[in-house]
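Colleague: Next up, upload_38.txt (compact mmCIF, C-alpha atoms).
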```
# COMPACT_ATOMS: atom_id res chain seq x y z
CA MET A 1 0.00 0.00 0.00
CA ASP A 2 2.84 2.42 0.78
CA LEU A 3 4.33 1.76 -2.65
CA ALA A 4 0.94 2.34 -4.28
CA ARG A 5 0.64 5.72 -2.56
CA GLN A 6 4.18 6.68 -3.54
CA GLN A 7 3.50 5.83 -7.20
CA GLY A 8 0.11 7.50 -7.21
CA TRP A 9 -1.72 4.31 -8.13
CA ARG A 10 -5.48 4.49 -7.68
CA SER A 11 -6.75 1.27 -9.29
CA ALA A 12 -5.28 -2.14 -9.98
CA LEU A 13 -6.21 -5.33 -11.80
CA ILE A 14 -4.26 -8.41 -10.72
CA VAL A 15 -4.46 -11.97 -12.02
CA PRO A 16 -2.34 -14.91 -10.86
CA LEU A 17 0.33 -16.72 -12.87
CA LEU A 18 -0.45 -20.39 -12.46
CA ALA A 19 1.93 -23.33 -12.76
CA ARG A 20 0.95 -26.50 -14.62
CA ASP A 21 -0.46 -27.99 -11.40
CA GLY A 22 -2.54 -24.87 -10.71
CA GLU A 23 -0.22 -23.53 -7.99
CA PRO A 24 0.37 -19.75 -8.18
CA ILE A 25 3.93 -18.83 -9.18
CA GLY A 26 3.46 -15.05 -9.39
CA ALA A 27 1.05 -12.38 -10.52
CA PHE A 28 0.37 -10.27 -13.61
CA SER A 29 -0.91 -6.81 -12.74
CA LEU A 30 -2.08 -3.54 -14.27
CA TYR A 31 -2.11 -0.26 -12.34
CA THR A 32 -3.63 3.13 -13.15
CA THR A 33 -3.19 6.55 -11.60
CA GLU A 34 -6.89 7.26 -12.07
CA GLN A 35 -9.85 5.71 -10.32
CA ARG A 36 -11.17 3.07 -12.70
CA THR A 37 -13.53 0.14 -12.81
CA PHE A 38 -12.05 -2.60 -15.00
CA SER A 39 -14.37 -4.32 -17.44
CA ASP A 40 -14.78 -8.04 -18.08
CA TRP A 41 -12.85 -7.53 -21.32
CA ASP A 42 -9.94 -6.01 -19.35
CA GLN A 43 -9.93 -8.98 -17.01
CA ARG A 44 -10.07 -11.52 -19.85
CA LEU A 45 -7.29 -9.76 -21.74
CA LEU A 46 -5.04 -9.63 -18.69
CA SER A 47 -5.81 -13.28 -17.95
CA VAL A 48 -4.73 -14.22 -21.49
CA LEU A 49 -1.49 -12.26 -21.08
CA ALA A 50 -0.90 -13.89 -17.69
CA ASN A 51 -1.46 -17.33 -19.21
CA HIS A 52 1.07 -16.61 -21.95
CA ALA A 53 3.55 -15.37 -19.33
CA ALA A 54 3.07 -18.53 -17.26
CA ILE A 55 3.61 -20.68 -20.37
CA ALA A 56 6.79 -18.74 -21.16
CA ILE A 57 8.06 -19.32 -17.62
CA ARG A 58 7.25 -23.05 -17.82
CA ASP A 59 8.93 -23.30 -21.23
CA ALA A 60 12.05 -21.60 -19.86
CA GLU A 61 12.13 -24.05 -16.94
CA ILE A 62 11.72 -27.02 -19.30
CA LEU A 63 14.49 -25.73 -21.57
CA GLU A 64 16.79 -25.27 -18.59
CA SER A 65 16.02 -28.79 -17.39
CA LEU A 66 16.75 -30.15 -20.86
CA ARG A 67 20.01 -28.22 -21.01
CA GLU A 68 21.10 -29.58 -17.64
CA ALA A 69 20.08 -33.12 -18.64
CA ARG A 70 22.04 -32.88 -21.89
CA GLU A 71 25.05 -31.50 -20.04
CA ARG A 72 24.91 -34.35 -17.53
CA GLN A 73 24.57 -36.87 -20.36
CA ALA A 74 27.55 -35.38 -22.21
CA VAL A 75 29.66 -35.48 -19.05
CA ALA A 76 28.58 -39.07 -18.34
CA GLU A 77 29.50 -40.17 -21.86
CA ALA A 78 32.85 -38.39 -21.67
CA PHE A 79 33.67 -40.01 -18.35
CA ALA A 80 32.63 -43.42 -19.63
CA ALA A 81 35.09 -43.05 -22.49
CA VAL A 82 37.82 -41.78 -20.17
CA GLY A 83 37.07 -44.68 -17.81
CA ASP A 84 37.70 -47.17 -20.61
CA ILE A 85 40.98 -45.44 -21.45
CA ALA A 86 41.96 -45.46 -17.76
CA ALA A 87 41.22 -49.19 -17.42
CA ASN A 88 43.34 -49.93 -20.47
CA LEU A 89 46.13 -47.71 -19.15
CA LEU A 90 46.08 -49.44 -15.77
CA HIS A 91 46.24 -52.84 -17.46
CA ARG A 92 49.23 -51.83 -19.59
CA LEU A 93 51.08 -50.21 -16.68
CA ASN A 94 50.47 -53.24 -14.51
CA ASN A 95 51.98 -55.47 -17.20
CA GLN A 96 55.07 -53.26 -17.46
CA ILE A 97 55.67 -51.73 -14.03
CA GLY A 98 53.92 -54.39 -11.99
CA THR A 99 56.47 -57.00 -13.02
CA ILE A 100 59.41 -54.99 -11.67
CA PRO A 101 59.09 -56.15 -8.01
CA VAL A 102 58.76 -59.76 -9.23
CA ARG A 103 61.90 -59.45 -11.33
CA VAL A 104 63.74 -57.86 -8.39
CA GLN A 105 62.77 -60.80 -6.19
CA GLY A 106 64.12 -63.16 -8.86
CA ILE A 107 67.43 -61.27 -8.91
CA GLU A 108 67.64 -61.35 -5.12
CA ALA A 109 67.03 -65.11 -5.12
CA LYS A 110 69.63 -65.93 -7.75
CA CYS A 111 72.31 -63.33 -7.03
CA VAL A 112 72.80 -63.66 -3.28
CA ALA A 113 76.58 -63.26 -3.48
CA GLU A 114 76.44 -60.19 -5.67
CA LEU A 115 73.91 -58.55 -3.34
CA GLN A 116 76.46 -58.58 -0.53
CA ASN A 117 77.36 -55.26 -2.13
CA GLU A 118 75.38 -52.82 0.04
CA TYR A 119 75.07 -50.19 -2.70
CA LEU A 120 73.64 -52.69 -5.18
CA ALA A 121 71.25 -54.23 -2.65
CA LYS A 122 69.97 -50.86 -1.47
CA ASN A 123 69.31 -49.55 -4.99
CA LEU A 124 67.62 -52.77 -6.06
CA ALA A 125 65.29 -52.51 -3.07
CA ALA A 126 64.62 -48.85 -3.92
CA ILE A 127 63.69 -49.80 -7.50
CA ALA A 128 61.19 -52.38 -6.25
CA GLU A 129 59.67 -49.93 -3.76
CA SER A 130 59.40 -47.17 -6.38
CA ALA A 131 57.59 -49.52 -8.74
CA ARG A 132 55.21 -50.60 -5.98
CA LEU A 133 54.43 -46.99 -5.02
CA ALA A 134 53.99 -46.03 -8.67
CA MET A 135 51.34 -48.71 -9.18
CA GLN A 136 49.63 -47.80 -5.92
CA THR A 137 49.50 -44.16 -7.02
CA VAL A 138 48.06 -45.09 -10.41
CA ARG A 139 45.37 -47.31 -8.86
CA GLU A 140 44.37 -44.67 -6.30
CA THR A 141 44.24 -41.94 -8.92
CA LEU A 142 42.37 -43.85 -11.61
CA ARG A 143 39.69 -45.02 -9.20
CA HIS A 144 38.21 -41.54 -9.67
CA LEU A 145 37.26 -42.66 -13.17
CA ARG A 146 35.40 -45.84 -12.27
CA PRO A 147 31.80 -46.03 -13.61
CA ILE A 148 29.13 -44.51 -11.40
CA GLU A 149 26.28 -46.76 -10.29
CA LEU A 150 23.52 -44.46 -9.07
CA ALA A 151 21.94 -45.86 -5.93
CA PRO A 152 20.50 -44.71 -2.59
CA VAL A 153 23.48 -43.54 -0.53
CA ARG A 154 23.54 -42.48 3.10
CA VAL A 155 25.48 -39.24 3.43
CA SER A 156 26.67 -40.22 6.90
CA ASP A 157 28.26 -43.39 5.46
CA ALA A 158 30.03 -41.42 2.72
CA ILE A 159 31.38 -38.97 5.31
CA LEU A 160 32.54 -41.84 7.53
CA ASP A 161 34.36 -43.46 4.58
CA ALA A 162 36.06 -40.13 3.86
CA LEU A 163 37.15 -39.73 7.48
CA ARG A 164 38.75 -43.19 7.38
CA GLU A 165 40.88 -42.08 4.44
CA VAL A 166 41.77 -38.52 5.43
CA HIS A 167 44.36 -37.88 8.13
CA ILE A 168 43.03 -35.18 10.46
CA PRO A 169 45.96 -33.38 12.17
CA ALA A 170 45.92 -33.24 15.95
CA ASP A 171 45.48 -29.45 15.94
CA ILE A 172 42.29 -29.58 13.85
CA THR A 173 38.95 -30.05 15.59
CA LEU A 174 36.29 -31.77 13.50
CA HIS A 175 32.60 -31.59 14.40
CA VAL A 176 29.93 -33.53 12.47
CA SER A 177 26.25 -32.92 13.26
CA ALA A 178 22.75 -33.58 11.89
CA VAL A 179 23.82 -36.06 9.20
CA GLU A 180 22.79 -39.40 10.74
CA ASN A 181 19.07 -39.00 10.02
CA LEU A 182 19.34 -37.50 6.53
CA PRO A 183 17.39 -39.42 3.88
CA ALA A 184 19.30 -41.41 1.27
CA VAL A 185 20.49 -39.37 -1.71
CA ARG A 186 20.94 -40.30 -5.38
CA ALA A 187 24.67 -40.80 -5.86
CA GLY A 188 27.51 -43.27 -6.24
CA GLN A 189 28.88 -44.41 -2.87
CA PRO A 190 32.65 -44.29 -3.63
CA GLN A 191 32.36 -41.08 -5.65
CA LEU A 192 30.39 -39.25 -2.94
CA SER A 193 33.05 -40.31 -0.43
CA LEU A 194 35.68 -38.82 -2.75
CA VAL A 195 33.76 -35.54 -2.75
CA PHE A 196 34.13 -35.31 1.02
CA VAL A 197 37.75 -36.48 0.87
CA ASN A 198 38.55 -33.59 -1.48
CA LEU A 199 36.69 -31.00 0.61
CA LEU A 200 38.30 -32.18 3.85
CA GLU A 201 41.81 -32.23 2.37
CA ASN A 202 41.29 -28.77 0.88
CA ALA A 203 40.17 -27.45 4.27
CA ILE A 204 43.13 -29.03 6.08
CA GLU A 205 45.56 -27.60 3.55
CA ALA A 206 43.95 -24.14 3.68
CA MET A 207 44.18 -24.07 7.49
CA GLN A 208 47.76 -25.40 7.41
CA GLY A 209 46.84 -28.14 9.87
CA ARG A 210 45.30 -25.94 12.56
CA GLY A 211 41.68 -24.84 13.03
CA ASN A 212 38.10 -26.14 13.02
CA ILE A 213 36.04 -28.03 10.45
CA VAL A 214 32.26 -28.34 10.84
CA ILE A 215 30.13 -30.70 8.73
CA SER A 216 26.35 -30.39 9.08
CA GLY A 217 23.27 -31.40 7.13
CA ARG A 218 19.60 -30.65 6.57
CA THR A 219 16.73 -31.62 4.26
CA GLU A 220 14.67 -29.18 2.22
CA ASN A 221 12.30 -29.59 -0.76
CA LYS A 222 13.36 -33.13 -1.70
CA HIS A 223 17.02 -32.21 -1.48
CA VAL A 224 19.71 -32.89 1.10
CA PHE A 225 22.08 -30.05 1.90
CA VAL A 226 25.47 -30.75 3.47
CA GLN A 227 27.70 -27.92 4.62
CA VAL A 228 31.47 -28.21 5.04
CA GLU A 229 32.89 -25.15 6.78
CA ASP A 230 36.44 -24.34 7.88
CA THR A 231 38.13 -21.57 9.82
CA GLY A 232 40.89 -21.05 7.27
CA PRO A 233 42.05 -17.77 5.73
CA GLY A 234 39.21 -17.67 3.21
CA ILE A 235 39.37 -17.42 -0.57
CA PRO A 236 40.22 -14.04 -2.16
CA PRO A 237 37.29 -12.57 -4.16
CA GLU A 238 39.29 -12.57 -7.40
CA TRP A 239 39.82 -16.36 -7.09
CA GLN A 240 36.23 -17.30 -6.34
CA PRO A 241 34.85 -17.13 -9.94
CA HIS A 242 37.59 -19.60 -10.98
CA ILE A 243 37.63 -21.94 -7.98
CA PHE A 244 35.73 -24.72 -9.83
CA GLU A 245 37.70 -24.47 -13.06
CA LEU A 246 39.66 -27.46 -14.29
CA HIS A 247 43.15 -25.95 -14.08
CA PHE A 248 42.58 -24.14 -10.78
CA SER A 249 43.84 -26.27 -7.90
CA GLY A 250 45.30 -25.42 -4.55
CA THR A 251 46.98 -28.78 -4.07
CA ASN A 252 50.50 -29.70 -5.04
CA SER A 253 50.21 -33.33 -4.02
CA GLU A 254 52.12 -35.69 -6.30
CA ARG A 255 49.67 -38.50 -5.53
CA LYS A 256 46.58 -36.90 -7.07
CA LEU A 257 45.41 -35.75 -10.45
CA GLY A 258 45.25 -32.18 -9.17
CA PHE A 259 41.75 -31.52 -10.55
CA GLY A 260 40.76 -29.92 -7.25
CA LEU A 261 37.24 -28.61 -6.85
CA TRP A 262 36.50 -29.07 -10.55
CA TRP A 263 36.35 -32.78 -9.82
CA VAL A 264 34.02 -32.23 -6.87
CA ARG A 265 31.59 -30.15 -8.93
CA THR A 266 31.73 -32.60 -11.86
CA LEU A 267 30.89 -35.60 -9.67
CA LEU A 268 28.02 -33.75 -7.99
CA ARG A 269 26.60 -32.74 -11.37
CA ARG A 270 26.63 -36.38 -12.40
CA PHE A 271 24.44 -37.10 -9.36
CA GLY A 272 22.08 -34.26 -10.32
CA GLY A 273 23.48 -32.15 -7.48
CA HIS A 274 25.38 -28.90 -7.12
CA ILE A 275 27.92 -27.14 -4.90
CA PHE A 276 27.90 -23.54 -3.71
CA LEU A 277 30.77 -21.47 -2.31
CA GLU A 278 30.73 -18.78 0.35
CA SER A 279 34.04 -17.37 1.55
CA HIS A 280 35.37 -14.17 3.05
CA VAL A 281 39.04 -13.39 3.55
CA GLY A 282 39.93 -13.90 7.20
CA GLN A 283 36.58 -15.56 7.98
CA GLY A 284 36.92 -19.06 6.58
CA THR A 285 35.20 -20.90 3.74
CA ARG A 286 31.87 -22.68 3.48
CA PHE A 287 30.94 -25.18 0.79
CA LEU A 288 27.27 -26.14 0.53
CA ILE A 289 26.44 -29.38 -1.29
CA ARG A 290 22.95 -30.00 -2.66
CA LEU A 291 21.93 -33.56 -3.56
CA PRO A 292 18.57 -34.97 -4.69
CA VAL A 293 16.80 -37.29 -2.28
CA TRP A 294 16.52 -40.84 -3.63
CA GLU A 295 12.97 -41.46 -4.86
CA GLU A 296 12.55 -45.17 -5.47
CA ASP A 297 10.31 -45.34 -8.56
CA HIS A 298 11.80 -42.36 -10.42
CA ASP A 299 15.43 -43.04 -9.59
CA VAL A 300 15.34 -46.77 -10.31
CA ALA A 301 14.07 -45.98 -13.81
CA SER A 302 16.70 -43.27 -14.27
CA ALA A 303 19.49 -45.57 -13.10
CA ASP A 304 18.34 -48.32 -15.47
CA ARG A 305 18.38 -45.93 -18.42
CA GLY A 306 21.86 -44.73 -17.49
CA ARG A 307 23.42 -48.21 -17.57
```
Hey, can you dump this file as structure tokens for me?
Modeller:
Amino acid sequence: MDLARQQGWRSALIVPLLARDGEPIGAFSLYTTEQRTFSDWDQRLLSVLANHAAIAIRDAEILESLREARERQAVAEAFAAVGDIAANLLHRLNNQIGTIPVRVQGIEAKCVAELQNEYLAKNLAAIAESARLAMQTVRETLRHLRPIELAPVRVSDAILDALREVHIPADITLHVSAVENLPAVRAGQPQLSLVFVNLLENAIEAMQGRGNIVISGRTENKHVFVQVEDTGPGIPPEWQPHIFELHFSGTNSERKLGFGLWWVRTLLRRFGGHIFLESHVGQGTRFLIRLPVWEEDHDVASADRGR
């Protein structure tokens, strides 16, 4: 009413914008600065315009859903192809590098006298250990590319799996709350665990091994939201638009692909989810994950089509 007085409006004709199920999604209105009684024709005309506006809104939502579905399909197909390449690569590397420790053992068994030379024995052992670590690194890295089997996944289980893998320094306090009773989400169990592994390791690195990490969850509108918050230095504003880009990574670990948060966002998109960032310099960083709740009939059909 205050706005109407400020604008000098005297009369108004308002009709609702209705969604496909009849629920109102907005309003279409006409205002005049003169006192006026609107005719039936005025009301019918405005109703027609409102109907066209509602159809345009629904069409835009459908187009956006189609775009997202096509993007998810393209990503899924690309990852399937990359997964095949990765499996072939692992097989070839295992045939070449994996035989090194076996050959070293054969040398050690047949050349006992020669291996009395400390330098020779030490370097031979180092070669075997390097080969073993190389294959372990390859297996751990390429597991990111394994096919995703969409299924009902408990977020609390995925977080627990991540905590088993991530080393939490003694000077970091971790608090997990409100995740036990969250409904199952549509995801892949190992991939969702990797999402939390990445977020936890990023937080630990950002805080340089000292600070607090809080993981909490809630349910809203058929979605599960999980928040991972740290007390690190925060992300500079100029970095934030690029934080999910492929070549932007804050980790220098030699044991990972280095895809950083791009990998996290990509996996979540494959689940039909999303990730949001909120960070202020000097006030820490908060990542908010949104995942769809598993709906048995719909998701079983979707999973079958995706295989």
Colleague: Restricting the calculation to all atoms listed in the file, which member of A:Ser47, A:Gln35, A:Ser156, A:Ser130 is positioned closest to Val185 (chain A)?
Modeller: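 For Val185 (chain A), the nearest of the given residues is A:Ser156.
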Colleague: What does the distance between CA of Val48 (chain A) and CA of Pro24 (chain A) come to in Å, to one decimal place?
Modeller: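 For CA of Val48 (chain A) relative to CA of Pro24 (chain A), the distance reads 15.3 Å.
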Colleague: Find the residue from A:Ile243, A:Ile25, A:Ala187, A:Leu45 that sits nearest to Pro292 (chain A); use only C-alpha atoms when measuring.
Modeller: A:Ala187
Colleague: Between A:Thr285, A:Asn198, A:Asn95, A:Gln136, which is the closest to Val214 (chain A) once you count all atoms listed in the file?
Modeller: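 Once distances to Val214 (chain A) are computed over all atoms listed in the file, the minimum belongs to A:Thr285.
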Colleague: Please report the interatomic distance between CA of Leu93 (chain A) and CA of Val138 (chain A) in Å with one decimal.
Modeller: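 Taking CA of Leu93 (chain A) as the start and CA of Val138 (chain A) as the end point, the length is 8.6 Å.
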Colleague: Calculated over all atoms listed in the file, which of the candidates A:Leu30, A:Leu133, A:Ile215, A:Ile159 has the smallest distance to Val195 (chain A)?
Modeller: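 Closest to Val195 (chain A), using all atoms listed in the file: A:Ile159.
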Colleague: Taking all atoms listed in the file into account, name the residue in A:Ala170, A:Ile289, A:Val226, A:Leu160 that is nearest to Phe271 (chain A).
Modeller: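 Result for the nearest residue to Phe271 (chain A): A:Ile289.
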Colleague: Of the candidates A:Val102, A:Leu63, A:Met207, A:Leu89, which one gets nearest to Ala131 (chain A) if we count only C-alpha atoms?
Modeller: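 For Ala131 (chain A), the nearest of the candidates is A:Val102.
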Colleague: For the point (-11.2, 10.0, -12.7) in the file's frame, write as a ChimeraX atom specification all residues with an atom no more than 12 Å away, counting all atoms listed in the file.
Modeller: /A:9-11,32-37
